[in-house]
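Structure first, then comments.
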Amino acid sequence: AVGPITSNFTTSGYTLQTDASTTRSHLGNIVLSASVELKLHNAATSAGRAINIGGSISGGADSSIVIQGSQSDLNAARINLSVDGATLSVPTTISSSGTGLAGYVATANNTSISGSIVNNTTARTMLGAAGGNDLTFTSAADHSGTGSLQFSISSGTTGDGIVRIDGTFSHTGETIFSQATSGVIRMGGNNRLSDDSLLTFVQGTLDLNGTTQTVAGLSGGSAVGSRGIVNTSVNNGVISVNVSSGSQTYAGLIGTPGSLTNITGANNNIAFTKS
């Protein structure tokens, strides 16, 4: 049997893609030489596509990943980090002509992203974790551009999917929470979310985790099917909404206790301010 391999890309011009609905897998690490660009997915495909990366992605100076596609609204150009401990340490550019999603999902434990992500397209950057798995957006990482960001997290028999935010977000597009009801986005420091971005809740949970977050607006949510904003730290969490113009309506929950969320340690130690 052939085990995991390491693929070394020493020149640009290569694309890893699947042109079928079946998820394809690369079983091993990917290493890019300095200044090498590797493209993922077919630029012309509008349907959802997924590639499993069964290892880490690293590279030399000025190397990069480009996630491309033309996905329609509900479809994604998805890269699964599919082995425990997988890391992505090179920058990523989202290059899509569609209105769907493009990005990374943890389908294994202890996965992390330390490379920057830039999105100046109509597509939404996707960061997610399948049920029982976790992804950390590390302190070395940042997400920038005019594009929007969507957290897409599922639940499963082995627990909630969790994305931990230690890095920073400075994008001006919308920030959308569209994970399963039990999916959790957990903050790892103050003001990691973009203060220029509107937070829109479809469903899921933002765990302030004892931090302070300032955002440009808050909308969406529901008392049914959306757990909203919680705090699992003994330290107070603060959510500050700075609306520059107009108005938004938020119908979700703030400070939901653990008895309702099933999130261990969830409490009502939250301050909400609006300016």
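Just remember, in the structure tokens the first chain shown is A, the second B, etc., residues are 1-based per chain, and ligands are 1-based in the order shown.
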Sel. of strand (DSSP E or B) residues, segment 28-246 of chain A, as a PyMOL selection string
chain A and resi 30-32+37-40+49-53+57-59+64-69+76-81+87-88+92-96+101-106+111-113+117-119+124-129+134-137+142-144+148-153+155-156+159-160+162-165+168-169+175-178+184-187+198-203+205-207+212-215+217-220+228-231+237-241
Find the residues around segment 114-125 of chain A up to 8 Å (only C-alpha atoms counted), leave out those fewer than 3 positions away in its own chain, and share them as number ranges by chain.
A: 71, 87-103, 137-150
Residue among A:Ile254, A:Val234, A:Ile239, A:Ala129 lying closest to Phe151 of chain A, counting only C-alpha atoms:
A:Ala129
Nearest to Ala44 of chain A by atom-to-atom distance, counting only C-alpha atoms, from A:Ser70, A:Ser64, A:Asn29, A:Thr10:
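Checking each candidate against Ala44 of chain A, we get A:Ser70 as the closest.
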Under the rule that only C-alpha atoms are counted, which of A:Pro4, A:Gly237, A:Gly55, A:Gly189 is the nearest residue to Asn80 of chain A?
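Closest to Asn80 of chain A, using only C-alpha atoms: A:Gly55.
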Write out as a PyMOL selection string which residues come within 10 Å of Gly132 of chain A when counting only C-alpha atoms, dropping same-chain ones fewer than 6 positions away.
chain A and resi 106-109+153-162+183
One residue among A:Gly69, A:Gly28, A:Gly217, A:Gly204 is nearest to Ser275 of chain A when using only C-alpha atoms, and that residue is A:Gly217
From the list A:Asp207, A:Thr22, A:Gly13, A:Ile113, which residue is nearest Ser58 of chain A when using only C-alpha atoms?
A:Ile113
Find the residues around Ser178 of chain A up to 6 Å (only C-alpha atoms counted), leave out those fewer than 6 positions away in its own chain, and share them as a PDB file with N, CA and C atoms, in the first residue's frame.
ATOM      1  N   PHE A 151     -18.763  31.931   8.538  1.00  0.00           N
ATOM      2  CA  PHE A 151     -18.402  30.790   9.367  1.00  0.00           C
ATOM      3  C   PHE A 151     -19.423  29.686   9.116  1.00  0.00           C
ATOM      4  N   SER A 152     -18.949  28.508   8.696  1.00  0.00           N
ATOM      5  CA  SER A 152     -19.837  27.396   8.357  1.00  0.00           C
ATOM      6  C   SER A 152     -19.405  26.184   9.169  1.00  0.00           C
ATOM      7  N   VAL A 202     -27.363  33.843  11.031  1.00  0.00           N
ATOM      8  CA  VAL A 202     -28.365  32.939  10.511  1.00  0.00           C
ATOM      9  C   VAL A 202     -28.695  31.945  11.619  1.00  0.00           C
ATOM     10  N   GLN A 203     -27.679  31.297  12.151  1.00  0.00           N
ATOM     11  CA  GLN A 203     -27.786  30.492  13.361  1.00  0.00           C
ATOM     12  C   GLN A 203     -26.377  30.150  13.823  1.00  0.00           C
TER      13      GLN A 203
END
Between atom CA of Asp73 of chain A and atom CA of Ala47 of chain A, what is the distance in Å, rounded to a tenth?
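Taking atom CA of Asp73 of chain A and atom CA of Ala47 of chain A, their separation equals 9.6 Å.
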